[in-house]
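K.L.:
Okay, so here is start-v2.txt, and as you'll see once you scroll down, it has compact mmCIF, C-alpha atoms (C1' of nucleotides).
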```
# COMPACT_ATOMS: atom_id res chain seq x y z
CA MET A 1374 25.81 16.73 15.20
CA VAL A 1375 22.57 15.63 13.72
CA ASN A 1376 21.52 18.90 12.13
CA LYS A 1377 24.82 19.06 10.35
CA THR A 1378 24.16 15.67 8.86
CA ALA A 1379 20.66 16.54 7.70
CA LEU A 1380 21.94 19.82 6.34
CA LYS A 1381 24.77 18.11 4.53
CA ILE A 1382 22.43 15.59 2.94
CA LEU A 1383 20.19 18.36 1.64
CA THR A 1384 22.98 20.55 0.30
CA ASP A 1385 24.75 17.58 -1.26
CA LYS A 1386 21.59 16.88 -3.22
CA GLY A 1387 21.26 20.52 -4.22
CA LEU A 1388 18.00 20.83 -2.33
CA ARG A 1389 16.94 24.02 -0.64
CA VAL A 1390 17.42 23.95 3.08
CA THR A 1391 14.29 24.79 5.04
CA PRO A 1392 13.63 24.28 8.73
CA GLN A 1393 10.82 21.89 7.86
CA ARG A 1394 13.02 19.73 5.66
CA ILE A 1395 15.72 19.58 8.30
CA ALA A 1396 13.15 18.62 10.91
CA VAL A 1397 11.71 15.83 8.77
CA LEU A 1398 15.13 14.49 7.95
CA ASP A 1399 16.17 14.63 11.60
CA ILE A 1400 13.18 12.53 12.54
CA LEU A 1401 13.97 9.99 9.85
CA LEU A 1402 17.61 9.81 10.89
CA ASN A 1403 17.03 9.67 14.63
CA PHE A 1404 14.15 7.25 14.85
CA ASP A 1405 15.22 3.97 13.37
CA ASN A 1406 11.63 2.77 13.41
CA HIS A 1407 10.74 3.40 9.77
CA PRO A 1408 8.21 6.06 10.71
CA SER A 1409 4.87 6.49 9.02
CA ILE A 1410 3.65 9.84 7.75
CA GLU A 1411 1.34 10.04 10.72
CA PHE A 1412 4.22 9.56 13.15
CA ILE A 1413 6.37 12.10 11.35
CA THR A 1414 3.63 14.71 11.23
CA GLU A 1415 2.69 14.31 14.88
CA TYR A 1416 6.28 14.62 15.95
CA LEU A 1417 6.87 17.61 13.70
CA ARG A 1418 3.97 19.53 15.19
CA ILE A 1419 5.71 19.65 18.55
CA ASN A 1420 8.11 22.17 17.05
CA PHE A 1421 6.14 23.25 13.98
CA PRO A 1422 2.53 23.44 15.12
CA ARG A 1423 1.43 25.03 11.85
CA ILE A 1424 3.13 22.66 9.43
CA SER A 1425 0.60 21.37 6.95
CA ASP A 1426 0.00 17.83 5.83
CA SER A 1427 0.73 18.71 2.24
CA THR A 1428 4.13 20.08 3.20
CA VAL A 1429 5.01 16.80 4.87
CA TYR A 1430 3.86 14.89 1.81
CA ASN A 1431 5.78 17.22 -0.47
CA ILE A 1432 8.94 16.90 1.58
CA LEU A 1433 8.77 13.12 1.74
CA ASN A 1434 8.07 12.87 -1.98
CA THR A 1435 11.02 15.12 -2.67
CA PHE A 1436 13.25 12.97 -0.48
CA VAL A 1437 12.15 9.79 -2.24
CA LYS A 1438 12.69 11.36 -5.66
CA ASN A 1439 16.18 12.39 -4.63
CA GLY A 1440 17.05 8.99 -3.21
CA ILE A 1441 17.40 10.22 0.35
CA ILE A 1442 14.79 7.80 1.65
CA ASN A 1443 12.81 4.82 0.43
CA ARG A 1444 9.22 3.82 0.84
CA VAL A 1445 8.63 0.62 2.77
CA LYS A 1446 5.40 -1.21 2.09
CA THR A 1447 3.74 -2.86 5.02
CA GLU A 1448 1.18 -5.57 5.39
CA ASN A 1449 -1.63 -3.19 6.31
CA GLY A 1450 -0.92 -0.87 3.41
CA ILE A 1451 0.46 2.00 5.47
CA ILE A 1452 3.52 3.41 3.80
CA ARG A 1453 6.55 3.96 5.95
CA PHE A 1454 9.92 5.48 5.24
CA ASP A 1455 13.45 4.23 5.49
CA PRO A 1456 16.41 6.60 5.54
CA VAL A 1457 18.76 3.73 4.81
CA THR A 1458 18.91 3.50 1.06
CA ASP A 1459 21.63 0.87 0.90
CA LYS A 1460 20.26 -2.47 -0.16
CA HIS A 1461 19.09 -4.43 2.81
CA HIS A 1462 16.37 -6.72 4.06
CA HIS A 1463 13.67 -6.22 6.64
CA LEU A 1464 12.36 -8.01 9.68
CA TYR A 1465 8.62 -7.47 10.04
CA SER A 1466 6.74 -8.05 13.24
CA ILE A 1467 3.59 -10.13 12.89
CA ASP A 1468 1.95 -8.73 15.99
CA SER A 1469 3.15 -5.14 16.12
CA GLU A 1470 4.21 -2.33 13.84
CA GLN A 1471 7.90 -2.91 14.40
CA ILE A 1472 10.19 -3.12 11.38
CA GLU A 1473 13.94 -3.64 11.61
CA ASP A 1474 16.64 -3.32 9.02
CA PHE A 1475 18.65 -6.42 8.34
CA PHE A 1476 22.01 -6.32 6.62
CA ASP A 1477 23.63 -9.63 5.83
CA ALA A 1478 26.40 -9.89 3.28
CA GLU A 1479 26.63 -13.65 3.73
CA LEU A 1480 22.96 -14.06 2.88
CA ASP A 1481 23.33 -11.79 -0.12
CA LYS A 1482 26.24 -13.88 -1.35
CA LEU A 1483 24.30 -17.10 -0.80
CA LEU A 1484 21.34 -15.78 -2.76
CA SER A 1485 23.28 -14.33 -5.65
CA GLU A 1486 25.22 -17.58 -6.02
CA TYR A 1487 22.01 -19.57 -5.89
CA PHE A 1488 20.34 -17.48 -8.55
CA LEU A 1489 23.43 -17.50 -10.71
CA LYS A 1490 23.11 -21.27 -10.94
CA LYS A 1491 19.34 -21.26 -11.13
CA GLN A 1492 18.74 -18.85 -13.97
CA PHE A 1493 15.26 -17.96 -15.05
CA PRO A 1494 14.61 -18.43 -18.75
CA ASN A 1495 12.85 -15.14 -19.36
CA PHE A 1496 13.71 -12.98 -16.41
CA LYS A 1497 16.74 -10.85 -15.68
CA ILE A 1498 17.19 -10.39 -11.95
CA GLU A 1499 18.01 -6.91 -10.77
CA GLU A 1500 17.40 -7.07 -7.07
CA ILE A 1501 16.60 -9.63 -4.39
CA ARG A 1502 14.97 -8.68 -1.13
CA VAL A 1503 14.08 -10.97 1.71
CA GLN A 1504 11.09 -10.24 3.90
CA ILE A 1505 11.35 -12.02 7.22
CA LYS A 1506 8.18 -12.05 9.27
CA GLY A 1507 8.10 -13.11 12.87
CA ILE A 1508 7.85 -12.10 16.48
CA PHE A 1509 10.18 -9.72 18.27
CA ASN A 1510 11.17 -10.61 21.84
CA PRO A 1511 9.15 -13.82 21.96
CA ALA A 1512 8.09 -15.14 25.36
CA MET B 896 -15.21 -27.05 -14.99
CA VAL B 897 -14.21 -23.75 -13.58
CA ASN B 898 -17.49 -22.81 -11.92
CA LYS B 899 -17.45 -26.08 -10.09
CA THR B 900 -14.06 -25.23 -8.65
CA ALA B 901 -15.13 -21.77 -7.56
CA LEU B 902 -18.34 -23.21 -6.18
CA LYS B 903 -16.47 -25.89 -4.30
CA ILE B 904 -14.11 -23.36 -2.75
CA LEU B 905 -17.03 -21.28 -1.53
CA THR B 906 -19.05 -24.15 -0.14
CA ASP B 907 -15.99 -25.71 1.49
CA LYS B 908 -15.50 -22.47 3.38
CA GLY B 909 -19.15 -22.32 4.34
CA LEU B 910 -19.67 -19.14 2.37
CA ARG B 911 -22.91 -18.33 0.64
CA VAL B 912 -22.76 -18.87 -3.07
CA THR B 913 -23.76 -15.84 -5.09
CA PRO B 914 -23.26 -15.25 -8.79
CA GLN B 915 -21.07 -12.27 -7.98
CA ARG B 916 -18.79 -14.29 -5.72
CA ILE B 917 -18.45 -17.04 -8.30
CA ALA B 918 -17.63 -14.49 -10.96
CA VAL B 919 -14.95 -12.83 -8.85
CA LEU B 920 -13.41 -16.15 -7.94
CA ASP B 921 -13.46 -17.29 -11.55
CA ILE B 922 -11.52 -14.22 -12.55
CA LEU B 923 -8.96 -14.79 -9.83
CA LEU B 924 -8.56 -18.43 -10.78
CA ASN B 925 -8.40 -17.93 -14.51
CA PHE B 926 -6.16 -14.92 -14.77
CA ASP B 927 -2.85 -15.77 -13.20
CA ASN B 928 -1.84 -12.14 -13.36
CA HIS B 929 -2.57 -11.17 -9.76
CA PRO B 930 -5.36 -8.81 -10.80
CA SER B 931 -6.01 -5.46 -9.21
CA ILE B 932 -9.44 -4.40 -8.00
CA GLU B 933 -9.74 -2.19 -11.04
CA PHE B 934 -9.06 -5.10 -13.38
CA ILE B 935 -11.49 -7.34 -11.53
CA THR B 936 -14.27 -4.77 -11.51
CA GLU B 937 -13.90 -3.91 -15.17
CA TYR B 938 -13.98 -7.54 -16.15
CA LEU B 939 -16.95 -8.23 -13.90
CA ARG B 940 -19.04 -5.50 -15.47
CA ILE B 941 -19.02 -7.34 -18.80
CA ASN B 942 -21.40 -9.83 -17.24
CA PHE B 943 -22.61 -7.87 -14.24
CA PRO B 944 -23.03 -4.31 -15.47
CA ARG B 945 -24.68 -3.20 -12.24
CA ILE B 946 -22.24 -4.69 -9.75
CA SER B 947 -21.13 -2.01 -7.36
CA ASP B 948 -17.63 -1.18 -6.23
CA SER B 949 -18.52 -1.86 -2.63
CA THR B 950 -19.67 -5.36 -3.50
CA VAL B 951 -16.34 -6.09 -5.12
CA TYR B 952 -14.52 -4.76 -2.09
CA ASN B 953 -16.76 -6.77 0.21
CA ILE B 954 -16.23 -9.95 -1.74
CA LEU B 955 -12.47 -9.56 -1.89
CA ASN B 956 -12.28 -8.75 1.81
CA THR B 957 -14.37 -11.81 2.57
CA PHE B 958 -12.08 -13.97 0.47
CA VAL B 959 -9.00 -12.63 2.22
CA LYS B 960 -10.55 -13.18 5.64
CA ASN B 961 -11.36 -16.75 4.69
CA GLY B 962 -7.92 -17.47 3.33
CA ILE B 963 -9.09 -17.97 -0.24
CA ILE B 964 -6.82 -15.25 -1.58
CA ASN B 965 -3.98 -13.07 -0.38
CA ARG B 966 -3.20 -9.44 -0.86
CA VAL B 967 -0.01 -8.70 -2.77
CA LYS B 968 1.57 -5.33 -2.22
CA THR B 969 3.21 -3.69 -5.16
CA GLU B 970 5.80 -1.00 -5.54
CA ASN B 971 3.28 1.64 -6.57
CA GLY B 972 0.95 0.91 -3.68
CA ILE B 973 -1.77 -0.74 -5.72
CA ILE B 974 -3.05 -3.81 -3.97
CA ARG B 975 -3.44 -6.91 -6.04
CA PHE B 976 -4.76 -10.35 -5.28
CA ASP B 977 -3.30 -13.81 -5.40
CA PRO B 978 -5.51 -16.90 -5.39
CA VAL B 979 -2.52 -19.07 -4.54
CA THR B 980 -2.34 -19.13 -0.78
CA ASP B 981 0.42 -21.69 -0.51
CA LYS B 982 3.66 -20.10 0.58
CA HIS B 983 5.60 -18.88 -2.38
CA HIS B 984 7.75 -16.07 -3.64
CA HIS B 985 7.17 -13.47 -6.31
CA LEU B 986 8.93 -12.14 -9.35
CA TYR B 987 8.19 -8.45 -9.82
CA SER B 988 8.71 -6.62 -13.05
CA ILE B 989 10.59 -3.36 -12.74
CA ASP B 990 9.17 -1.89 -15.92
CA SER B 991 5.66 -3.29 -16.07
CA GLU B 992 2.85 -4.46 -13.84
CA GLN B 993 3.66 -8.11 -14.28
CA ILE B 994 3.96 -10.31 -11.21
CA GLU B 995 4.70 -14.02 -11.32
CA ASP B 996 4.48 -16.66 -8.67
CA PHE B 997 7.68 -18.46 -7.87
CA PHE B 998 7.73 -21.79 -6.07
CA ASP B 999 11.14 -23.18 -5.17
CA ALA B 1000 11.50 -25.88 -2.54
CA GLU B 1001 15.28 -25.87 -2.91
CA LEU B 1002 15.43 -22.17 -2.14
CA ASP B 1003 13.11 -22.62 0.82
CA LYS B 1004 15.37 -25.35 2.17
CA LEU B 1005 18.47 -23.23 1.64
CA LEU B 1006 16.91 -20.32 3.49
CA SER B 1007 15.52 -22.29 6.39
CA GLU B 1008 18.89 -24.00 6.88
CA TYR B 1009 20.67 -20.68 6.73
CA PHE B 1010 18.41 -19.08 9.30
CA LEU B 1011 18.56 -22.13 11.54
CA LYS B 1012 22.30 -21.55 11.84
CA LYS B 1013 22.05 -17.79 11.92
CA GLN B 1014 19.52 -17.29 14.69
CA PHE B 1015 18.38 -13.86 15.68
CA PRO B 1016 18.71 -13.12 19.39
CA ASN B 1017 15.28 -11.54 19.87
CA PHE B 1018 13.28 -12.59 16.88
CA LYS B 1019 11.36 -15.76 16.15
CA ILE B 1020 11.03 -16.30 12.42
CA GLU B 1021 7.63 -17.36 11.18
CA GLU B 1022 7.87 -16.83 7.46
CA ILE B 1023 10.45 -15.94 4.84
CA ARG B 1024 9.50 -14.44 1.52
CA VAL B 1025 11.80 -13.47 -1.27
CA GLN B 1026 10.95 -10.60 -3.56
CA ILE B 1027 12.82 -10.83 -6.82
CA LYS B 1028 12.70 -7.73 -8.96
CA GLY B 1029 13.85 -7.67 -12.53
CA ILE B 1030 12.90 -7.58 -16.16
CA PHE B 1031 10.71 -10.10 -17.94
CA ASN B 1032 11.73 -11.11 -21.46
CA PRO B 1033 14.81 -8.90 -21.58
CA ALA B 1034 16.16 -7.89 -24.96
C1' DA C 196 -38.38 -17.59 7.41
C1' DT C 197 -34.38 -15.40 8.42
C1' DA C 198 -30.08 -14.11 7.95
C1' DA C 199 -26.65 -12.55 4.72
C1' DT C 200 -25.48 -10.16 0.40
C1' DT C 201 -26.19 -6.75 -2.92
C1' DG C 202 -26.38 -2.05 -4.85
C1' DC C 203 -26.57 2.64 -4.15
C1' DA C 204 -25.30 6.76 -1.73
C1' DA C 205 -22.75 8.95 1.49
C1' DA C 206 -18.83 9.22 4.41
C1' DA C 207 -14.13 8.52 5.71
C1' DG C 208 -9.20 8.22 4.70
C1' DC C 209 -5.22 9.35 2.34
C1' DT C 210 -2.73 11.96 -1.08
C1' DT C 211 -2.37 15.47 -4.57
C1' DT C 212 -3.19 20.01 -6.57
C1' DG C 213 -3.83 25.16 -6.97
C1' DC C 214 -2.60 29.28 -5.39
C1' DA C 215 -1.25 33.30 -2.53
C1' DT C 216 2.23 34.27 0.96
C1' DG C 217 6.62 34.01 2.69
C1' DG C 218 11.44 32.34 2.77
C1' DC C 219 15.77 30.64 0.61
C1' DC C 220 19.63 31.35 -2.57
C1' DG D 885 14.96 39.69 -7.19
C1' DG D 886 13.55 35.48 -8.70
C1' DC D 887 12.27 31.19 -7.72
C1' DC D 888 10.99 27.65 -4.69
C1' DA D 889 8.72 25.88 -0.47
C1' DT D 890 5.11 26.48 2.67
C1' DG D 891 0.35 26.55 4.41
C1' DC D 892 -4.32 26.42 3.57
C1' DA D 893 -8.32 24.94 1.08
C1' DA D 894 -10.25 22.19 -2.16
C1' DA D 895 -10.27 18.32 -5.13
C1' DG D 896 -9.25 13.36 -6.32
C1' DC D 897 -8.83 8.63 -5.24
C1' DT D 898 -9.56 4.51 -2.86
C1' DT D 899 -11.94 2.09 0.56
C1' DT D 900 -15.48 1.66 4.10
C1' DT D 901 -20.06 2.22 6.09
C1' DG D 902 -25.24 2.53 6.45
C1' DC D 903 -29.32 0.98 4.82
C1' DA D 904 -33.31 -0.68 2.09
C1' DA D 905 -34.22 -4.21 -1.18
C1' DT D 906 -33.06 -8.64 -2.76
C1' DT D 907 -31.35 -13.31 -2.52
C1' DA D 908 -29.44 -17.68 -0.56
C1' DT D 909 -30.00 -21.29 2.65
```
Would you put the structure from the file into structure tokens?

P.N.:
Amino acid sequence: MVNKTALKILTDKGLRVTPQRIAVLDILLNFDNHPSIEFITEYLRINFPRISDSTVYNILNTFVKNGIINRVKTENGIIRFDPVTDKHHHLYSIDSEQIEDFFDAELDKLLSEYFLKKQFPNFKIEEIRVQIKGIFNPA
Amino acid sequence: MVNKTALKILTDKGLRVTPQRIAVLDILLNFDNHPSIEFITEYLRINFPRISDSTVYNILNTFVKNGIINRVKTENGIIRFDPVTDKHHHLYSIDSEQIEDFFDAELDKLLSEYFLKKQFPNFKIEEIRVQIKGIFNPA
DNA sequence: ATAATTGCAAAAGCTTTGCATGGCC
DNA sequence: GGCCATGCAAAGCTTTTGCAATTAT
């Protein structure tokens, strides 16, 4: 049950449960396309025609602050949102807006071992993310 | 001679040489701090008090279009610029605005070998970039 | 000479803020 | 009931656009 999940996430974080928040979280959880604010707002207005832009911004900011979602920066500067807050990498499409999550424990191991050997003199590594750009479903 | 370098870059690209363009390029070449538009504009106004914001935007957009510089996206959404257009990775500071270039042929080899083995079914890789976040000069 | 760039002003986006109303706990 | 979230309007930023004057080739 999706609503249950959204509801649980909100209550677990001690956040007030409003229909708008549930709707936003449902969208984030059900579309694994890292939606933009524009996408989220358009979709929301199907069921909440009077929802305001500032409410959507407020909700998303609240979610980010509470670690429910992350911002994903894209090449064109449009911010998108990722409900998967576990550490992972991303596949970016060069010729479309598609973004896919990419989990790879083997890669993570490879990288952490590499950077353990190859220490930086004046830099303490906290996190390594790989951005892989390419073409989905190539001809 | 720095101006000569900036001048050469412009003429090589077939771009008109203006004092403003040389000044912007000089800043980009001399500060290896991946400056923001704000930084660039402030610095420019020391010598060009009347340069307008739109000119700076126009110049930077022209440079990006011509492959002289790249945009670098940061965590807080501020766009910054990188005069090094060779493929490389970045070290990002978690607690400051510092960004450093990071060239590592060994890492590139490691990654390309790894992804040669581990092919994606529906994705053709064009470019791999590693974002390394951490702390410069830790205590 | 002529075509492009500059500077200024205005417009266009995107995001935040202020505040009264309404809804959640 | 008290406090927080919502919706609306307005303000704040950043970036782009239009255009006359200036400058580079």

K.L.:
Select, as an MDAnalysis selection string, those residues of chain D with any atom no more than 9 Å from chain B (distances computed using only C-alpha atoms (C1' of nucleotides)).

P.N.:
chainID D and resid 899:900 907:909

K.L.:
Counting only C-alpha atoms (C1' of nucleotides), collect the residues of chain C whose closest atom lies at most 10 Å from chain A, and write them out as an mmCIF file with C-alpha atoms (C1' of nucleotides), in the coordinates of the input.

P.N.:
```
data_model
loop_
_atom_site.group_PDB
_atom_site.id
_atom_site.type_symbol
_atom_site.label_atom_id
_atom_site.label_comp_id
_atom_site.auth_asym_id
_atom_site.auth_seq_id
_atom_site.Cartn_x
_atom_site.Cartn_y
_atom_site.Cartn_z
ATOM 1 C "C1'" DC C 209 -5.220 9.350 2.340
ATOM 2 C "C1'" DT C 210 -2.730 11.960 -1.080
ATOM 3 C "C1'" DT C 211 -2.370 15.470 -4.570
ATOM 4 C "C1'" DT C 212 -3.190 20.010 -6.570
ATOM 5 C "C1'" DG C 218 11.440 32.340 2.770
ATOM 6 C "C1'" DC C 219 15.770 30.640 0.610
ATOM 7 C "C1'" DC C 220 19.630 31.350 -2.570
#
```

K.L.:
Residues of chain A near chain B: apply a cut-off of 6 Å, count only C-alpha atoms, and supply the list as a PyMOL selection string.

P.N.:
chain A and resi 1495-1510

K.L.:
Record the distance separating atom CA of Asp1459 of chain A and atom CA of Thr1414 of chain A, expressed in Å with one decimal.

P.N.:
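Taking atom CA of Asp1459 of chain A and atom CA of Thr1414 of chain A, their separation equals 24.9 Å.
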
K.L.:
In Å to one decimal, how far is atom CA of Glu995 of chain B from atom CA of Asn965 of chain B?

P.N.:
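Atom CA of Asn965 of chain B sits 14.0 Å away from atom CA of Glu995 of chain B.
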
K.L.:
Which residues, written as a tab-separated table (two decimals) with C-alpha atoms, keeping the file's coordinate frame, have at least one atom at most 12 Å from Asn1439 of chain A, with all atoms listed in the file counted and residues fewer than 4 positions away on the same chain left out?

P.N.:
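Wrote result.tsv, looks like this:
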```
chain	number	residue	atom	x	y	z
A	1382	ILE	CA	22.43	15.59	2.94
A	1383	LEU	CA	20.19	18.36	1.64
A	1384	THR	CA	22.98	20.55	0.30
A	1385	ASP	CA	24.75	17.58	-1.26
A	1386	LYS	CA	21.59	16.88	-3.22
A	1387	GLY	CA	21.26	20.52	-4.22
A	1388	LEU	CA	18.00	20.83	-2.33
A	1432	ILE	CA	8.94	16.90	1.58
A	1433	LEU	CA	8.77	13.12	1.74
A	1434	ASN	CA	8.07	12.87	-1.98
A	1435	THR	CA	11.02	15.12	-2.67
A	1443	ASN	CA	12.81	4.82	0.43
A	1456	PRO	CA	16.41	6.60	5.54
A	1458	THR	CA	18.91	3.50	1.06
```

K.L.:
Give as a list in words the set of residues within 12 Å of the point (-27.5, -9.7, 7.3), where distances use the file's coordinates and only C-alpha atoms (C1' of nucleotides).

P.N.:
Arg911 of chain B; DT197, DA198, DA199, DT200 and DT201 of chain C; DC903, DA904, DT906, DT907 and DA908 of chain D

K.L.:
Show which residues sit within 7 Å of His929 of chain B, as a count of residues only. Count all atoms listed in the file, and ignore same-chain residues fewer than 2 positions away.

P.N.:
6

K.L.:
Rounded to one decimal place, report the atom CA of Thr950 of chain B-atom C1' of DG202 of chain C distance in Å.

P.N.:
7.6 Å

K.L.:
Between A:Pro1392, A:Pro1422, A:Gly1440, A:Pro1408, which has the minimum distance to DA889 of chain D (counting all atoms listed in the file)?

P.N.:
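Distance minimum relative to DA889 of chain D lands on A:Pro1392.
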
K.L.:
Give as number ranges by chain every residue, naming chains and numbers as the document does, that has an atom within 12 Å of (-15.7, 6.8, 5.4), counting all atoms listed in the file.

P.N.:
C: 204-209; D: 898-902

K.L.:
What's the 8 Å shell around Ile1400 of chain A, counting all atoms listed in the file, without same-chain residues fewer than 3 positions away, as number ranges by chain?

P.N.:
A: 1396-1397, 1403-1404, 1413, 1416

K.L.:
Box for segment 209-218 of chain C: with edges along x, y and z, all listed atoms inside and 6 Å added on each side, what are the centre and edge lengths in Å to one decimal, as lines of an AutoDock Vina configuration file?

P.N.:
```
center_x = 3.1
center_y = 21.8
center_z = -2.1
size_x = 28.7
size_y = 36.9
size_z = 21.7
```

K.L.:
Please export segment 902-936 of chain B as a tab-separated table (two decimals), in the first residue's frame, restricted to C-alpha atoms.

P.N.:
```
chain	number	residue	atom	x	y	z
B	902	LEU	CA	44.19	36.32	-27.00
B	903	LYS	CA	45.41	33.17	-28.67
B	904	ILE	CA	42.49	31.15	-27.33
B	905	LEU	CA	40.03	33.69	-28.68
B	906	THR	CA	41.60	34.03	-32.10
B	907	ASP	CA	42.05	30.27	-32.43
B	908	LYS	CA	38.31	29.91	-31.94
B	909	GLY	CA	37.58	32.66	-34.43
B	910	LEU	CA	36.03	34.83	-31.76
B	911	ARG	CA	36.25	38.59	-31.81
B	912	VAL	CA	38.76	39.93	-29.37
B	913	THR	CA	37.35	42.50	-26.99
B	914	PRO	CA	38.94	43.85	-23.83
B	915	GLN	CA	36.05	42.42	-21.83
B	916	ARG	CA	36.52	38.93	-23.23
B	917	ILE	CA	40.25	39.02	-22.56
B	918	ALA	CA	39.62	40.18	-19.03
B	919	VAL	CA	37.12	37.40	-18.34
B	920	LEU	CA	39.40	34.79	-19.80
B	921	ASP	CA	42.36	36.10	-17.82
B	922	ILE	CA	40.40	35.71	-14.63
B	923	LEU	CA	39.41	32.17	-15.51
B	924	LEU	CA	42.97	31.25	-16.40
B	925	ASN	CA	44.63	32.88	-13.44
B	926	PHE	CA	42.33	31.89	-10.64
B	927	ASP	CA	42.23	28.14	-10.46
B	928	ASN	CA	39.32	28.33	-8.07
B	929	HIS	CA	36.49	27.65	-10.51
B	930	PRO	CA	35.06	31.13	-10.07
B	931	SER	CA	31.38	31.91	-9.90
B	932	ILE	CA	29.76	34.61	-12.00
B	933	GLU	CA	29.60	36.79	-8.94
B	934	PHE	CA	33.33	36.45	-8.35
B	935	ILE	CA	34.13	37.11	-11.99
B	936	THR	CA	31.92	40.18	-12.19
```
